[in-house]
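Okay, structure first, notes after.
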Amino acid sequence: MTRSAGGTLSLPMKVLRYFSRLMRTTAFKLLAAYLMVFAIFAVSVIAYTAWHTRELIQNQVAIDLDREMRFLSDQYRVGGIQRLVHVLDRRARRPASSIFMLTNFQGEVLAANVADLSLGLLDKPGTRFTTYERVDDSGNGLSTRSHVAYVGVALLPGGYRLLVGRDIEERDTMRDLVARPAQWAVLLIVVLGLAGSIFVTRRVMKRIDAMTATSATIMAGDLSGRLAVDGTGDEFDRLALSLNAMLERIETLMVGLKEVSDNIAHDLKTPLTRLRNGAEEALRSGRSEEDLRDALITTIEESDGLIRTFDGLLMIARAEAGQARSMMSDVDLADIAENVSELYEPLADEQGLDLTVQVEPMTVHGVRELLAQALSNLVDNAIKYGRSPDGARGHVCVTLVRVGQEAVLSVADNGPGISAADRTRVTDRFVRLEASRTLPGSGLGLALVSAVARLHGGHLELDDNQPGLIVRLHLPAKRTDAG
Amino acid sequence: MTSNLDPGFLTTMRILLVEDDRDAAEYLRKAFREAGHVVDHAADGEEGLALALDGKYDVLIVDRMLPLRDGLSLVAELRGRGYATSVLILSALGQVDDRVQGLRAGGDDYLPKPYAFTELLARVEALARRGGPQAADSVYKVGELELDRLAHRVSRGGKEIVLQPREFRLLEFLMRHAGQVVTRTMLLENVWDYHFDPQTNVIDVHVSRLRSKVDKGFDEPLIHTVRGAGYMVRPGGG
């Protein structure tokens, strides 16, 4: 039988397993330990009280006995043995807890309200505990019940021995009177405490179980699942809230990953398909060597495009993983801005745009190569898309300024721009706005710039240049020597 | 010191290829043979080390990931023994930090996979640098074009040509490798010191600007476009 076959277990088995699970919980262990400590304290207090009560009564008995003994001795002294016997007889008729016995020197009993005493008890003067049997006055013979008594023996002049005692059953009864309810109370406390522990533990266990169940469904693939928050603001709520925040982040990442893989599937498979179809077509209908040659050249161009896309993806992945951080050093950003602008200036000119550059000295901590590539992507975009819609000569402006602690490297054009709704989207991988689908490009340019910005602890901002687009790369600047 | 160009200076190179992929090695051996060069092949790092120390080669092409001894360790070992022959490192790892590691280990050039054979050939020929002008030469000469590296002056047929600093460096690099194919990425790397791939071919525009200054008004063009590969500076048309 496997453990998981819970349904086939008998009911006692199930209860047993339930309790063994309950007992393993932290809450239960804590409560049980607390209960045990509490019970030990309670028992100690009760034991002390009982013992103290007993001592108190015992002392009282001793005092009483002493007083009685003195009184009887006085009677003997005043009235002789007759008076003593008379007093004792009178006492014997009164129901009380005292016992007494008077013997002469031969050991004959002159007066007594006890039936039997331990032998030789009267030989030794002093006080002690003993057992005795009482003469039952109810008349139906001798009582066989033996009692415990505290007795004192005194030798009277003339060889008389007087025994006076007190039944101490009363004392024990008294002790029991205190101790018994206390014992019950302790038992009750333990039972109620256990029940309480189980109740509290069950509540805790229910919430933990709910969390475990939710995690199980999340692990099974349902990333939209969230832990229940019951609004009490207790530690479970706080735990659930922070776990939920974590799940939120994971879900965002997973959705992002899915989008990326969908995009990869689309943007890599499309050119691959084109590549394959082209080769197939050439094989089938390529008549002249010239045809085949052209087809092969196209194939190589297509593969180069694919390689470029792969490189871009790898570069973004690496920048996002922060691996390039070990490559960082102090970089002259102004130099990069001027260099890249100079690199692109002839191209811009050829495409009918003026490219101007305006920089102030700036040092950032970063990777020169990646920063240059990011800027080159921005300038390349500006040249591609930045031509003025009305056919006038376009203008691309690269500027580098310091704003507070930030180096702001911006590339502005006066082309058609990007609508506010699309601005956040274009930094995603492979997003190409419909208008640009016909132009060459992998759709990774801005995604790379954004990744590079994040790698350097900065961010990318797209804004309206009225008209046109202005892209600002915010990077943490190093303090300049000038101050 | 000046050097004059002999158009047929490119003699056969002896290349040691250390590459564990048999197909790739076979393809490269064939392609280099067609280009007129001789290739020895080693399939792992240890064999590569033994062959390099044993034979006399003009250039080593070393794959980065190799059995027995990886490419970087092989290059470092050779450099440690004072081995001076140029080494080009091939790698599937094409990122900035990988390149830096490769060059730091003692490589002279680094080419990420996949690559075009023309690119590899151009780089290997540039590394071998046989017969062409030497780094110590102060004046490069191709036909009637003269470039004075110290005076920063360029003239053709006695007529001075005014170039921007970047254009000067572009022409200088092309002339140092006169008679050899120089690819666009080689230009970007050596003239601008950038190793990324610009999405648009910005280099072409720079070369055409340079060409308009150097070749315009002369019958014989000196800056030639090599189709599917790059550029070459050499005397003679066609």
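Identifiers in this document derive from the order of the structure tokens: chains are assigned A, B, ..., residues are numbered from 1 separately in each chain, and ligands are numbered from 1 in order of occurrence.
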
Exercise. List every residue of segment 154-340 of chain A that DSSP, applied to the backbone of this structure, places in helix (DSSP H, G or I), and write the result as a PyMOL selection string.
Key: chain A and resi 169-219+235-285+289-321+323-327+333-340

Self-check item: At most 8 Å to chain B: residues in chain A, only C-alpha atoms, as an NGL selection string
Solution: :A and (307-308 or 311 or 315 or 324 or 327 or 339 or 343-344 or 346-347 or 350 or 369 or 372-373 or 376-377 or 380 or 441)

Quiz item: Which residues, written as a list of chain:residue names, have at least one atom at most 8 Å from Asp20 of chain B, with only C-alpha atoms counted and residues fewer than 3 positions away on the same chain left out?
Solution: B:Ala25, B:Ala42, B:Ala43, B:Asp44, B:Asp63, B:Leu66, B:Pro67

Store the residues picked out above in a file with C-alpha atoms, as a PDB file, in the first residue's frame.
ATOM      1  CA  ALA B  25      38.804  22.251 -41.513  1.00  0.00           C
ATOM      2  CA  ALA B  42      45.794  20.006 -36.335  1.00  0.00           C
ATOM      3  CA  ALA B  43      42.654  18.616 -34.738  1.00  0.00           C
ATOM      4  CA  ASP B  44      43.400  19.422 -31.093  1.00  0.00           C
ATOM      5  CA  ASP B  63      39.782  27.813 -32.935  1.00  0.00           C
ATOM      6  CA  LEU B  66      39.530  22.715 -28.785  1.00  0.00           C
ATOM      7  CA  PRO B  67      39.956  19.284 -27.248  1.00  0.00           C
TER       8      PRO B  67
END

Exercise. For atom CA of Val229 of chain A and atom CA of Ala27 of chain A, quote the distance in Å rounded to one decimal.
Key: 19.9 Å

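The residue set within 9 Å of His152 of chain B, counting only C-alpha atoms and dropping same-chain residues fewer than 3 places from it, reads Leu147, Asp148, Arg149, Pro165 and Phe168 of chain B.
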
Practice problem: Select from segment 227-405 of chain A everything DSSP, run on the backbone, classes as strand (DSSP E or B), then give the selection as a VMD selection string. | Solution: chain A and resid 329 to 332 353 to 359 363 to 366 394 to 403

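Counting from atom CA of Leu16 of chain B, the distance to atom CA of Glu34 of chain B is 16.0 Å.
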
Excluding segment 50-54 of chain B and its own-chain neighbours fewer than 5 positions away, which residues fall within 9 Å of it when counting only C-alpha atoms? Please give them as a tab-separated table (two decimals) with C-alpha atoms, in the first residue's frame.
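Heads up, here's the output in result_7.tsv:
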chain	number	residue	atom	x	y	z
B	16	LEU	CA	48.53	26.20	-39.59
B	40	ASP	CA	48.42	22.17	-42.32
B	41	HIS	CA	45.71	20.96	-40.01
B	42	ALA	CA	45.79	20.01	-36.33
B	45	GLY	CA	45.34	21.88	-28.96
B	60	LEU	CA	48.21	30.40	-37.30
B	78	LEU	CA	53.26	29.84	-27.68
B	83	TYR	CA	56.76	32.44	-30.58

Quiz item: Restricting the calculation to only C-alpha atoms, which member of B:Arg104, B:Leu74, B:Leu121, B:Lys213 is positioned closest to Val154 of chain B?
Solution: B:Lys213

Practice problem: Extract, using only C-alpha atoms, all DNA, RNA and protein residues at most 9 Å from Ala348 of chain A, discarding same-chain residues fewer than 2 positions from it, and format them as a ChimeraX atom specification. | Solution: /A:344-346,350-355,380,383-384,395-396

Practice problem: Can you pull out every residue within 7 Å of segment 11-14 of chain B, counting only C-alpha atoms, but drop anything in the same chain fewer than 2 positions away, and send it as an NGL selection string? | Solution: :B and (9 or 16 or 36-39 or 57-59)

Write a file of the selected residues as an mmCIF file, in the first residue's frame, keeping C-alpha atoms.
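Written out: part-v5.cif:
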data_model
loop_
_atom_site.group_PDB
_atom_site.id
_atom_site.type_symbol
_atom_site.label_atom_id
_atom_site.label_comp_id
_atom_site.auth_asym_id
_atom_site.auth_seq_id
_atom_site.Cartn_x
_atom_site.Cartn_y
_atom_site.Cartn_z
ATOM 1 C CA PHE B 9 54.065 40.140 -54.377
ATOM 2 C CA LEU B 16 48.532 26.197 -39.593
ATOM 3 C CA GLY B 36 46.962 29.730 -53.499
ATOM 4 C CA HIS B 37 47.964 28.914 -49.957
ATOM 5 C CA VAL B 38 49.047 25.783 -48.109
ATOM 6 C CA VAL B 39 47.257 24.620 -44.975
ATOM 7 C CA TYR B 57 54.261 29.062 -40.655
ATOM 8 C CA ASP B 58 53.252 32.508 -41.796
ATOM 9 C CA VAL B 59 49.975 32.578 -39.865
#

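The interatomic distance for the pair atom CA of Gly225 of chain A and atom CA of Asn244 of chain A works out to 8.8 Å.
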